[in-house]
>>> print(open('final06.csv').read())   # CSV, N, CA and C atoms and all ligand atoms
chain,number,residue,atom,x,y,z
A,942,MET,N,14.1,11.1,11.4
A,942,MET,CA,13.0,10.7,10.7
A,942,MET,C,11.8,10.3,11.6
A,943,PHE,N,10.6,10.6,11.2
A,943,PHE,CA,9.4,10.3,11.9
A,943,PHE,C,8.5,9.5,11.1
A,944,ILE,N,7.7,8.6,11.7
A,944,ILE,CA,6.8,7.8,11.0
A,944,ILE,C,5.4,8.0,11.6
A,945,ALA,N,4.5,8.4,10.7
A,945,ALA,CA,3.0,8.5,11.1
A,945,ALA,C,2.4,7.2,10.6
A,946,THR,N,1.6,6.6,11.5
A,946,THR,CA,0.9,5.4,11.1
A,946,THR,C,-0.5,5.4,11.6
A,947,CYS,N,-1.3,4.7,10.8
A,947,CYS,CA,-2.7,4.5,11.3
A,947,CYS,C,-2.7,3.6,12.5
A,948,HIS,N,-3.9,3.3,13.1
A,948,HIS,CA,-3.9,2.5,14.3
A,948,HIS,C,-3.4,1.1,14.1
A,949,CYS,N,-3.8,0.5,13.0
A,949,CYS,CA,-3.4,-0.9,12.7
A,949,CYS,C,-2.0,-1.0,12.1
A,950,GLN,N,-1.4,0.2,11.8
A,950,GLN,CA,0.0,0.3,11.2
A,950,GLN,C,0.1,-0.2,9.8
A,951,ASN,N,-1.1,-0.4,9.2
A,951,ASN,CA,-1.0,-0.8,7.7
A,951,ASN,C,-0.5,0.4,6.9
A,952,VAL,N,-0.9,1.6,7.2
A,952,VAL,CA,-0.5,2.8,6.5
A,952,VAL,C,0.7,3.4,7.3
A,953,ARG,N,1.8,3.6,6.6
A,953,ARG,CA,3.0,4.2,7.2
A,953,ARG,C,3.5,5.3,6.3
A,954,ILE,N,3.7,6.5,7.0
A,954,ILE,CA,4.1,7.7,6.2
A,954,ILE,C,5.4,8.2,6.9
A,955,GLU,N,6.5,8.1,6.1
A,955,GLU,CA,7.8,8.6,6.7
A,955,GLU,C,8.0,10.1,6.3
A,956,ILE,N,8.4,10.8,7.3
A,956,ILE,CA,8.7,12.2,7.0
A,956,ILE,C,10.1,12.5,7.6
A,957,GLN,N,10.9,13.3,7.0
A,957,GLN,CA,12.3,13.6,7.5
A,957,GLN,C,12.3,14.6,8.6
A,958,GLU,N,11.4,15.6,8.5
A,958,GLU,CA,11.4,16.7,9.5
A,958,GLU,C,10.0,17.0,9.9
A,959,LEU,N,9.9,17.5,11.1
A,959,LEU,CA,8.6,17.9,11.6
A,959,LEU,C,8.2,19.3,11.1
A,960,PRO,N,7.0,19.5,10.9
A,960,PRO,CA,6.6,20.9,10.6
A,960,PRO,C,6.7,21.8,11.8
A,961,VAL,N,6.8,23.1,11.6
A,961,VAL,CA,6.8,24.1,12.7
A,961,VAL,C,5.5,24.1,13.4
A,962,THR,N,4.4,24.1,12.6
A,962,THR,CA,3.1,24.1,13.2
A,962,THR,C,2.2,23.1,12.5
A,963,VAL,N,1.1,22.7,13.1
A,963,VAL,CA,0.1,21.9,12.3
A,963,VAL,C,-1.2,22.7,12.3
A,964,THR,N,-2.1,22.4,11.4
A,964,THR,CA,-3.3,23.2,11.2
A,964,THR,C,-4.6,22.4,11.5
A,965,SER,N,-5.4,23.0,12.3
A,965,SER,CA,-6.7,22.5,12.6
A,965,SER,C,-7.7,23.4,11.8
A,966,CYS,N,-8.5,22.8,10.9
A,966,CYS,CA,-9.4,23.5,10.0
A,966,CYS,C,-10.8,23.2,10.4
A,967,ASN,N,-11.7,24.3,10.3
A,967,ASN,CA,-13.1,24.1,10.7
A,967,ASN,C,-14.0,23.9,9.5
A,968,CYS,N,-13.5,23.6,8.3
A,968,CYS,CA,-14.4,23.4,7.2
A,968,CYS,C,-15.3,22.2,7.4
A,969,SER,N,-16.2,22.0,6.6
A,969,SER,CA,-17.3,21.0,6.8
A,969,SER,C,-16.7,19.6,6.9
A,970,LEU,N,-15.6,19.3,6.3
A,970,LEU,CA,-15.0,18.0,6.3
A,970,LEU,C,-14.0,17.9,7.5
A,971,CYS,N,-13.0,18.8,7.5
A,971,CYS,CA,-11.9,18.7,8.5
A,971,CYS,C,-12.5,18.7,10.0
A,972,ARG,N,-13.5,19.5,10.2
A,972,ARG,CA,-14.0,19.6,11.6
A,972,ARG,C,-14.6,18.3,12.0
A,973,ARG,N,-15.1,17.5,11.0
A,973,ARG,CA,-15.7,16.2,11.3
A,973,ARG,C,-14.6,15.2,11.5
A,974,TYR,N,-13.5,15.3,10.7
A,974,TYR,CA,-12.4,14.4,10.9
A,974,TYR,C,-11.6,14.6,12.1
A,975,GLY,N,-11.5,15.9,12.5
A,975,GLY,CA,-10.7,16.2,13.7
A,975,GLY,C,-9.2,16.1,13.4
A,976,ALA,N,-8.8,16.2,12.2
A,976,ALA,CA,-7.4,16.1,11.8
A,976,ALA,C,-6.6,17.3,12.2
A,977,ARG,N,-5.3,17.1,12.4
A,977,ARG,CA,-4.3,18.2,12.5
A,977,ARG,C,-3.4,18.0,11.3
A,978,TRP,N,-3.4,19.0,10.4
A,978,TRP,CA,-2.6,18.8,9.1
A,978,TRP,C,-1.2,19.3,9.2
A,979,ALA,N,-0.3,18.5,8.8
A,979,ALA,CA,1.1,18.8,8.6
A,979,ALA,C,1.4,18.8,7.1
A,980,TYR,N,1.8,20.0,6.6
A,980,TYR,CA,1.9,20.1,5.2
A,980,TYR,C,3.3,19.8,4.6
A,981,PHE,N,3.3,19.0,3.6
A,981,PHE,CA,4.5,18.6,2.9
A,981,PHE,C,4.2,18.7,1.4
A,982,SER,N,5.3,18.5,0.6
A,982,SER,CA,5.1,18.2,-0.8
A,982,SER,C,5.2,16.7,-1.0
A,983,ARG,N,4.7,16.2,-2.1
A,983,ARG,CA,4.6,14.8,-2.3
A,983,ARG,C,6.1,14.2,-2.3
A,984,ASP,N,7.0,14.9,-2.8
A,984,ASP,CA,8.4,14.4,-2.8
A,984,ASP,C,9.1,14.4,-1.5
A,985,GLN,N,8.4,14.9,-0.4
A,985,GLN,CA,9.1,15.0,0.9
A,985,GLN,C,8.6,13.8,1.8
A,986,VAL,N,7.7,13.0,1.3
A,986,VAL,CA,7.2,11.9,2.2
A,986,VAL,C,7.3,10.6,1.5
A,987,ARG,N,7.3,9.5,2.3
A,987,ARG,CA,7.3,8.2,1.7
A,987,ARG,C,6.1,7.4,2.3
A,988,LEU,N,5.2,7.0,1.4
A,988,LEU,CA,4.0,6.3,1.9
A,988,LEU,C,4.1,4.8,1.6
A,989,GLU,N,3.7,4.1,2.6
A,989,GLU,CA,3.6,2.6,2.4
A,989,GLU,C,2.3,2.1,2.9
A,990,ALA,N,1.7,1.2,2.1
A,990,ALA,CA,0.4,0.6,2.6
A,990,ALA,C,0.2,-0.7,1.8
A,991,GLU,N,-0.4,-1.6,2.4
A,991,GLU,CA,-0.7,-2.8,1.6
A,991,GLU,C,-1.6,-2.5,0.5
A,992,PRO,N,-1.4,-3.1,-0.7
A,992,PRO,CA,-2.2,-2.7,-1.9
A,992,PRO,C,-3.7,-2.9,-1.6
A,993,GLY,N,-4.5,-1.9,-2.1
A,993,GLY,CA,-5.9,-2.0,-1.9
A,993,GLY,C,-6.5,-1.6,-0.6
A,994,THR,N,-5.6,-1.1,0.3
A,994,THR,CA,-6.1,-0.8,1.7
A,994,THR,C,-6.2,0.7,2.0
A,995,LEU,N,-6.1,1.5,0.9
A,995,LEU,CA,-6.3,3.0,1.1
A,995,LEU,C,-7.5,3.3,0.3
A,996,SER,N,-8.4,4.1,0.9
A,996,SER,CA,-9.6,4.5,0.2
A,996,SER,C,-9.7,6.0,0.2
A,997,ASN,N,-10.1,6.6,-0.9
A,997,ASN,CA,-10.1,8.1,-0.9
A,997,ASN,C,-11.6,8.6,-0.9
A,998,TYR,N,-11.6,9.9,-0.4
A,998,TYR,CA,-12.9,10.6,-0.5
A,998,TYR,C,-12.6,11.9,-1.1
A,999,CYS,N,-13.3,12.3,-2.2
A,999,CYS,CA,-13.0,13.5,-2.9
A,999,CYS,C,-14.4,14.2,-3.1
A,1000,TRP,N,-14.4,15.5,-2.7
A,1000,TRP,CA,-15.7,16.1,-2.7
A,1000,TRP,C,-15.6,17.6,-3.3
A,1001,GLY,N,-16.7,18.3,-3.4
A,1001,GLY,CA,-16.6,19.7,-3.8
A,1001,GLY,C,-16.0,19.8,-5.1
A,1002,ASP,N,-15.0,20.7,-5.2
A,1002,ASP,CA,-14.3,21.0,-6.4
A,1002,ASP,C,-13.4,19.9,-6.9
A,1003,ARG,N,-13.2,18.9,-6.1
A,1003,ARG,CA,-12.4,17.7,-6.4
A,1003,ARG,C,-10.9,18.0,-6.7
A,1004,PHE,N,-10.4,18.8,-5.9
A,1004,PHE,CA,-8.9,19.1,-6.0
A,1004,PHE,C,-8.1,18.2,-5.1
A,1005,ILE,N,-8.8,17.6,-4.1
A,1005,ILE,CA,-8.1,16.9,-3.0
A,1005,ILE,C,-8.7,15.6,-2.8
A,1006,ASP,N,-7.8,14.6,-2.6
A,1006,ASP,CA,-8.3,13.2,-2.1
A,1006,ASP,C,-7.9,13.1,-0.7
A,1007,PHE,N,-8.9,12.7,0.1
A,1007,PHE,CA,-8.7,12.4,1.6
A,1007,PHE,C,-8.6,10.9,1.7
A,1008,TRP,N,-7.5,10.4,2.3
A,1008,TRP,CA,-7.3,9.0,2.3
A,1008,TRP,C,-7.4,8.4,3.7
A,1009,HIS,N,-8.1,7.2,3.8
A,1009,HIS,CA,-8.1,6.5,5.0
A,1009,HIS,C,-7.8,5.0,4.8
A,1010,CYS,N,-7.4,4.4,5.9
A,1010,CYS,CA,-7.1,3.0,6.0
A,1010,CYS,C,-8.4,2.2,6.0
A,1011,THR,N,-8.5,1.3,5.1
A,1011,THR,CA,-9.8,0.5,5.0
A,1011,THR,C,-9.8,-0.6,6.1
A,1012,VAL,N,-8.7,-0.8,6.8
A,1012,VAL,CA,-8.7,-1.8,7.8
A,1012,VAL,C,-9.1,-1.2,9.2
A,1013,CYS,N,-8.5,-0.1,9.6
A,1013,CYS,CA,-8.8,0.5,10.9
A,1013,CYS,C,-9.6,1.8,10.8
A,1014,GLY,N,-9.7,2.4,9.6
A,1014,GLY,CA,-10.6,3.5,9.4
A,1014,GLY,C,-9.9,4.9,9.7
A,1015,CYS,N,-8.6,4.9,10.1
A,1015,CYS,CA,-8.0,6.2,10.4
A,1015,CYS,C,-7.8,7.0,9.1
A,1016,LEU,N,-8.0,8.3,9.3
A,1016,LEU,CA,-7.7,9.3,8.2
A,1016,LEU,C,-6.2,9.6,8.3
A,1017,THR,N,-5.5,9.2,7.3
A,1017,THR,CA,-4.0,9.4,7.4
A,1017,THR,C,-3.4,10.6,6.7
A,1018,HIS,N,-4.0,10.9,5.5
A,1018,HIS,CA,-3.4,12.0,4.8
A,1018,HIS,C,-4.4,12.5,3.7
A,1019,TYR,N,-4.0,13.7,3.1
A,1019,TYR,CA,-4.7,14.0,1.9
A,1019,TYR,C,-3.7,14.4,0.8
A,1020,THR,N,-4.1,14.3,-0.4
A,1020,THR,CA,-3.2,14.6,-1.5
A,1020,THR,C,-3.9,15.5,-2.5
A,1021,SER,N,-3.2,16.3,-3.2
A,1021,SER,CA,-3.8,17.0,-4.4
A,1021,SER,C,-4.1,15.9,-5.4
A,1022,VAL,N,-5.1,16.2,-6.2
A,1022,VAL,CA,-5.5,15.3,-7.3
A,1022,VAL,C,-4.4,15.4,-8.3
A,1023,ASP,N,-3.8,16.6,-8.4
A,1023,ASP,CA,-2.6,16.8,-9.3
A,1023,ASP,C,-1.4,16.0,-8.6
A,1024,THR,N,-0.8,15.2,-9.4
A,1024,THR,CA,0.2,14.3,-8.8
A,1024,THR,C,1.7,14.6,-9.1
A,1025,GLU,N,1.9,15.9,-9.4
A,1025,GLU,CA,3.3,16.3,-9.6
A,1025,GLU,C,4.1,16.2,-8.3
A,1026,PRO,N,5.4,16.0,-8.4
A,1026,PRO,CA,6.2,15.8,-7.2
A,1026,PRO,C,6.1,16.9,-6.2
A,1027,GLY,N,5.9,18.1,-6.6
A,1027,GLY,CA,5.9,19.3,-5.7
A,1027,GLY,C,4.5,19.5,-5.2
A,1028,SER,N,3.5,18.7,-5.6
A,1028,SER,CA,2.1,19.0,-5.2
A,1028,SER,C,1.9,18.6,-3.7
A,1029,ARG,N,0.9,19.1,-3.1
A,1029,ARG,CA,0.7,19.0,-1.7
A,1029,ARG,C,0.4,17.6,-1.2
A,1030,PHE,N,1.0,17.2,-0.1
A,1030,PHE,CA,0.8,16.0,0.6
A,1030,PHE,C,0.6,16.4,2.0
A,1031,ALA,N,-0.5,16.3,2.6
A,1031,ALA,CA,-0.8,16.7,4.0
A,1031,ALA,C,-0.9,15.4,4.8
A,1032,VAL,N,-0.1,15.4,5.9
A,1032,VAL,CA,-0.1,14.2,6.8
A,1032,VAL,C,-1.0,14.6,8.0
A,1033,ASN,N,-1.9,13.7,8.4
A,1033,ASN,CA,-2.6,13.9,9.6
A,1033,ASN,C,-1.7,13.7,10.8
A,1034,ALA,N,-1.3,14.8,11.4
A,1034,ALA,CA,-0.3,14.7,12.5
A,1034,ALA,C,-0.8,13.9,13.7
A,1035,ARG,N,-2.1,13.6,13.7
A,1035,ARG,CA,-2.6,12.7,14.8
A,1035,ARG,C,-2.1,11.3,14.7
A,1036,MET,N,-1.5,11.0,13.5
A,1036,MET,CA,-1.0,9.6,13.3
A,1036,MET,C,0.5,9.5,13.8
A,1037,LEU,N,1.1,10.6,14.2
A,1037,LEU,CA,2.4,10.6,14.7
A,1037,LEU,C,2.4,10.0,16.2
A,1038,PRO,N,3.6,9.6,16.7
A,1038,PRO,CA,3.6,9.2,18.1
A,1038,PRO,C,3.0,10.3,19.0
A,1039,LEU,N,2.4,9.9,20.1
A,1039,LEU,CA,1.6,10.8,20.9
A,1039,LEU,C,2.5,12.0,21.4
A,1040,GLU,N,3.7,11.8,21.9
A,1040,GLU,CA,4.5,12.9,22.4
A,1040,GLU,C,4.9,13.8,21.3
A,1041,VAL,N,5.1,13.3,20.1
A,1041,VAL,CA,5.5,14.1,18.9
A,1041,VAL,C,4.3,15.0,18.5
A,1042,MET,N,3.1,14.3,18.4
A,1042,MET,CA,1.9,15.0,18.0
A,1042,MET,C,1.6,16.2,19.0
A,1043,GLU,N,1.7,15.9,20.3
A,1043,GLU,CA,1.4,16.9,21.3
A,1043,GLU,C,2.4,18.0,21.4
A,1044,SER,N,3.6,17.8,20.8
A,1044,SER,CA,4.6,18.8,20.9
A,1044,SER,C,4.4,19.9,19.8
A,1045,LEU,N,3.6,19.6,18.8
A,1045,LEU,CA,3.4,20.5,17.7
A,1045,LEU,C,2.4,21.6,17.9
A,1046,PRO,N,2.7,22.8,17.8
A,1046,PRO,CA,1.7,23.9,18.0
A,1046,PRO,C,0.6,23.9,17.0
A,1047,VAL,N,-0.6,24.1,17.4
A,1047,VAL,CA,-1.7,24.0,16.5
A,1047,VAL,C,-2.2,25.4,16.1
A,1048,ARG,N,-2.3,25.6,14.8
A,1048,ARG,CA,-2.9,26.9,14.3
A,1048,ARG,C,-4.3,26.5,13.8
A,1049,HIS,N,-5.2,27.5,14.0
A,1049,HIS,CA,-6.6,27.3,13.6
A,1049,HIS,C,-6.9,28.0,12.3
A,1050,PHE,N,-7.3,27.3,11.3
A,1050,PHE,CA,-7.6,27.8,10.0
A,1050,PHE,C,-9.1,27.9,9.8
A,1051,ASP,N,-9.6,29.0,9.4
A,1051,ASP,CA,-11.1,29.2,9.2
A,1051,ASP,C,-11.4,28.8,7.7
A,1052,GLY,N,-11.4,27.5,7.5
A,1052,GLY,CA,-11.7,26.9,6.2
A,1052,GLY,C,-13.2,27.0,5.9
A,1053,ALA,N,-14.0,27.2,7.0
A,1053,ALA,CA,-15.5,27.3,6.8
A,1053,ALA,C,-15.9,28.6,6.2
A,1054,ASP,N,-15.1,29.7,6.4
A,1054,ASP,CA,-15.6,31.0,6.0
A,1054,ASP,C,-14.5,31.8,5.3
A,1055,THR,N,-13.6,32.4,6.1
A,1055,THR,CA,-12.7,33.4,5.5
A,1055,THR,C,-11.5,32.9,4.8
A,1056,TRP,N,-11.1,31.6,5.0
A,1056,TRP,CA,-9.9,31.1,4.5
A,1056,TRP,C,-8.7,31.8,5.0
A,1057,GLN,N,-8.7,32.2,6.3
A,1057,GLN,CA,-7.6,32.9,7.0
A,1057,GLN,C,-7.3,32.1,8.2
A,1058,TYR,N,-6.0,32.2,8.7
A,1058,TYR,CA,-5.7,31.7,10.0
A,1058,TYR,C,-6.4,32.6,11.1
A,1059,LEU,N,-6.9,32.0,12.1
A,1059,LEU,CA,-7.6,32.8,13.1
A,1059,LEU,C,-6.7,33.3,14.2
A,1060,ASP,N,-5.4,33.0,14.2
A,1060,ASP,CA,-4.5,33.4,15.3
A,1060,ASP,C,-3.6,34.6,14.7
B,1,ZN,ZN,-5.1,1.0,9.6
>>> encode(input="final06.csv", output="C-alpha cells", more="lines below")
Ligand SMILES: [Zn+2]
Amino acid sequence: MFIATCHCQNVRIEIQELPVTVTSCNCSLCRRYGARWAYFSRDQVRLEAEPGTLSNYCWGDRFIDFWHCTVCGCLTHYTSVDTEPGSRFAVNARMLPLEVMESLPVRHFDGADTWQYLD
C-alpha cells in the first residue's frame, strides 16, 4: 500500500498499487498545476481529510473537480463529477513519497491540442 499526502498531511489518499506510468498534461490547467496524474477508479482509492478542508475547482465543461487542501494548498487529486464507483479518480503522484514519485515513468499528454500522448 502507498499513501499520497499533501504537505501538511491533512489529505491522505491510500492506493494499493502503483500505476505503470504517470501523466504530465499540458492543458491550460495541468501545466499550471505541474501535476503528474496517476489514474485510478474511485473504488480503488481511500481518501481521508478533515471535514471542510478540501476545496474544488471545476471549469470548462465541468466534468472534473480538481481538489486541493485548504490548509497547505497542495493539489491532491481530481475526480469525475459523476460519482459512480468506477468513475475516474486521479491522484497527483507528486503527493507520493519522493523516491516513489521519482520511480514512476512520466508520459506527456497533449491536452492543450491533439489529446494524444506525445511519446
Ligand atoms: Zn495540506
>>> closest_residue(input="final06.csv", among="A:Asp1002, A:Leu995, A:Val1012, A:Arg983", to="ligand ZN 1 (chain B)", atoms="all atoms listed in the file")
A:Val1012
>>> residues_near_ligand(input="final06.csv", ligand="ligand ZN 1 (chain B)", cutoff="7 Å", atoms="only C-alpha atoms and all ligand atoms", output="tab-separated table (two decimals) with N, CA and C atoms, in the coordinates of the input")
chain	number	residue	atom	x	y	z
A	947	CYS	N	-1.30	4.70	10.80
A	947	CYS	CA	-2.70	4.50	11.30
A	947	CYS	C	-2.70	3.60	12.50
A	948	HIS	N	-3.90	3.30	13.10
A	948	HIS	CA	-3.90	2.50	14.30
A	948	HIS	C	-3.40	1.10	14.10
A	949	CYS	N	-3.80	0.50	13.00
A	949	CYS	CA	-3.40	-0.90	12.70
A	949	CYS	C	-2.00	-1.00	12.10
A	950	GLN	N	-1.40	0.20	11.80
A	950	GLN	CA	0.00	0.30	11.20
A	950	GLN	C	0.10	-0.20	9.80
A	951	ASN	N	-1.10	-0.40	9.20
A	951	ASN	CA	-1.00	-0.80	7.70
A	951	ASN	C	-0.50	0.40	6.90
A	952	VAL	N	-0.90	1.60	7.20
A	952	VAL	CA	-0.50	2.80	6.50
A	952	VAL	C	0.70	3.40	7.30
A	1010	CYS	N	-7.40	4.40	5.90
A	1010	CYS	CA	-7.10	3.00	6.00
A	1010	CYS	C	-8.40	2.20	6.00
A	1011	THR	N	-8.50	1.30	5.10
A	1011	THR	CA	-9.80	0.50	5.00
A	1011	THR	C	-9.80	-0.60	6.10
A	1012	VAL	N	-8.70	-0.80	6.80
A	1012	VAL	CA	-8.70	-1.80	7.80
A	1012	VAL	C	-9.10	-1.20	9.20
A	1013	CYS	N	-8.50	-0.10	9.60
A	1013	CYS	CA	-8.80	0.50	10.90
A	1013	CYS	C	-9.60	1.80	10.80
A	1014	GLY	N	-9.70	2.40	9.60
A	1014	GLY	CA	-10.60	3.50	9.40
A	1014	GLY	C	-9.90	4.90	9.70
A	1015	CYS	N	-8.60	4.90	10.10
A	1015	CYS	CA	-8.00	6.20	10.40
A	1015	CYS	C	-7.80	7.00	9.10
>>> residues_around(input="final06.csv", residues="A:Phe981", least_positions_apart="4", cutoff="7 Å", atoms="all atoms listed in the file", output="ChimeraX atom specification")
/A:985-986,1027-1032
>>> atom_distance(input="final06.csv", atom1="atom C of A:Phe943", atom2="atom CA of A:Val1022")
23.8 Å
>>> atom_distance(input="final06.csv", atom1="atom CA of A:His1049", atom2="atom N of A:Tyr980")
13.1 Å
>>> closest_atom_pairs(input="final06.csv", of="stretch 943-991 of chain A", to="stretch 1033-1048 of chain A", cutoff="8 Å", atoms="only C-alpha atoms", output="Markdown table")
| residue | atom | partner | partner_atom | distance |
| --- | --- | --- | --- | --- |
| A:Phe943 | CA | A:Leu1037 | CA | 7.5 |
| A:Ile944 | CA | A:Leu1037 | CA | 6.4 |
| A:Ala945 | CA | A:Leu1037 | CA | 4.2 |
| A:Thr946 | CA | A:Met1036 | CA | 5.1 |
| A:Cys947 | CA | A:Met1036 | CA | 5.7 |
| A:His948 | CA | A:Met1036 | CA | 7.7 |
| A:Pro960 | CA | A:Leu1045 | CA | 7.8 |
| A:Val961 | CA | A:Leu1045 | CA | 7.0 |
| A:Thr962 | CA | A:Pro1046 | CA | 5.0 |
| A:Val963 | CA | A:Val1047 | CA | 5.0 |
| A:Thr964 | CA | A:Arg1048 | CA | 4.8 |
| A:Ser965 | CA | A:Arg1048 | CA | 6.1 |
| A:Ala976 | CA | A:Asn1033 | CA | 5.7 |
| A:Arg977 | CA | A:Ala1034 | CA | 5.3 |
| A:Trp978 | CA | A:Asn1033 | CA | 4.9 |
| A:Ala979 | CA | A:Ala1034 | CA | 5.8 |
>>> atom_distance(input="final06.csv", atom1="atom CA of A:Tyr974", atom2="atom CA of A:Gly1001")
16.2 Å
>>> residues_around(input="final06.csv", residues="A:Leu988", least_positions_apart="5", cutoff="9 Å", atoms="only C-alpha atoms", output="PyMOL selection string")
chain A and resi 952-955
>>> closest_residue(input="final06.csv", among="A:Gln957, A:Thr994, A:Thr1020, A:Ser969", to="A:Met942", atoms="all atoms listed in the file")
A:Gln957
>>> select_by_dssp(input="final06.csv", residues="chain A", states="strand (DSSP E)", output="ChimeraX atom specification")
/A:943-946,953-956,963-966,978-982,986-989,995-998,1005-1010,1016-1021,1029-1033,1047-1050
>>> select_by_dssp(input="final06.csv", residues="chain A", states="alpha helix (DSSP H)", output="ChimeraX atom specification")
/A:971-974,1039-1044
>>> residues_near_point(input="final06.csv", point="(-10.1, 13.6, 2.4)", cutoff="8 Å", atoms="all atoms listed in the file", output="PyMOL selection string")
chain A and resi 970-971+996-1000+1005-1009+1016+1018-1020
>>> residues_around(input="final06.csv", residues="A:Asp1054", least_positions_apart="4", cutoff="8 Å", atoms="only N, CA and C atoms", output="MDAnalysis selection string")
chainID A and resid 967:969 1050
>>> write_last_selection(input="final06.csv", atoms="N, CA and C atoms", output="PDB file, in the coordinates of the input")
ATOM      1  N   ASN A 967     -11.700  24.300  10.300  1.00  0.00           N
ATOM      2  CA  ASN A 967     -13.100  24.100  10.700  1.00  0.00           C
ATOM      3  C   ASN A 967     -14.000  23.900   9.500  1.00  0.00           C
ATOM      4  N   CYS A 968     -13.500  23.600   8.300  1.00  0.00           N
ATOM      5  CA  CYS A 968     -14.400  23.400   7.200  1.00  0.00           C
ATOM      6  C   CYS A 968     -15.300  22.200   7.400  1.00  0.00           C
ATOM      7  N   SER A 969     -16.200  22.000   6.600  1.00  0.00           N
ATOM      8  CA  SER A 969     -17.300  21.000   6.800  1.00  0.00           C
ATOM      9  C   SER A 969     -16.700  19.600   6.900  1.00  0.00           C
ATOM     10  N   PHE A1050      -7.300  27.300  11.300  1.00  0.00           N
ATOM     11  CA  PHE A1050      -7.600  27.800  10.000  1.00  0.00           C
ATOM     12  C   PHE A1050      -9.100  27.900   9.800  1.00  0.00           C
TER      13      PHE A1050
END
>>> decode(input="final06.csv", residues="stretch 944-956 of chain A", atoms="N, CA and C atoms", output="PDB file, in the first residue's frame")
ATOM      1  N   ILE A 944       0.725   5.700   0.308  1.00  0.00           N
ATOM      2  CA  ILE A 944      -0.102   6.819   0.747  1.00  0.00           C
ATOM      3  C   ILE A 944       0.430   8.106   0.138  1.00  0.00           C
ATOM      4  N   ALA A 945      -0.465   8.795  -0.569  1.00  0.00           N
ATOM      5  CA  ALA A 945      -0.160  10.121  -1.092  1.00  0.00           C
ATOM      6  C   ALA A 945      -0.715  11.133  -0.091  1.00  0.00           C
ATOM      7  N   THR A 946       0.094  12.101   0.288  1.00  0.00           N
ATOM      8  CA  THR A 946      -0.402  13.119   1.223  1.00  0.00           C
ATOM      9  C   THR A 946      -0.029  14.507   0.725  1.00  0.00           C
ATOM     10  N   CYS A 947      -0.839  15.466   1.117  1.00  0.00           N
ATOM     11  CA  CYS A 947      -0.464  16.863   0.875  1.00  0.00           C
ATOM     12  C   CYS A 947       0.663  17.228   1.842  1.00  0.00           C
ATOM     13  N   HIS A 948       1.180  18.441   1.722  1.00  0.00           N
ATOM     14  CA  HIS A 948       2.348  18.814   2.531  1.00  0.00           C
ATOM     15  C   HIS A 948       2.062  18.773   4.018  1.00  0.00           C
ATOM     16  N   CYS A 949       0.889  19.219   4.423  1.00  0.00           N
ATOM     17  CA  CYS A 949       0.559  19.252   5.859  1.00  0.00           C
ATOM     18  C   CYS A 949      -0.042  17.931   6.336  1.00  0.00           C
ATOM     19  N   GLN A 950      -0.228  16.984   5.436  1.00  0.00           N
ATOM     20  CA  GLN A 950      -0.736  15.637   5.731  1.00  0.00           C
ATOM     21  C   GLN A 950      -2.195  15.619   6.168  1.00  0.00           C
ATOM     22  N   ASN A 951      -2.882  16.696   5.925  1.00  0.00           N
ATOM     23  CA  ASN A 951      -4.317  16.704   6.184  1.00  0.00           C
ATOM     24  C   ASN A 951      -5.038  15.771   5.215  1.00  0.00           C
ATOM     25  N   VAL A 952      -4.638  15.819   3.956  1.00  0.00           N
ATOM     26  CA  VAL A 952      -5.263  14.971   2.939  1.00  0.00           C
ATOM     27  C   VAL A 952      -4.390  13.748   2.745  1.00  0.00           C
ATOM     28  N   ARG A 953      -5.006  12.575   2.877  1.00  0.00           N
ATOM     29  CA  ARG A 953      -4.285  11.317   2.725  1.00  0.00           C
ATOM     30  C   ARG A 953      -5.071  10.426   1.757  1.00  0.00           C
ATOM     31  N   ILE A 954      -4.376   9.916   0.767  1.00  0.00           N
ATOM     32  CA  ILE A 954      -5.015   9.056  -0.227  1.00  0.00           C
ATOM     33  C   ILE A 954      -4.251   7.745  -0.272  1.00  0.00           C
ATOM     34  N   GLU A 955      -4.943   6.673   0.072  1.00  0.00           N
ATOM     35  CA  GLU A 955      -4.326   5.344   0.053  1.00  0.00           C
ATOM     36  C   GLU A 955      -4.580   4.669  -1.275  1.00  0.00           C
ATOM     37  N   ILE A 956      -3.516   4.117  -1.838  1.00  0.00           N
ATOM     38  CA  ILE A 956      -3.661   3.306  -3.042  1.00  0.00           C
ATOM     39  C   ILE A 956      -2.985   1.965  -2.796  1.00  0.00           C
TER      40      ILE A 956
END
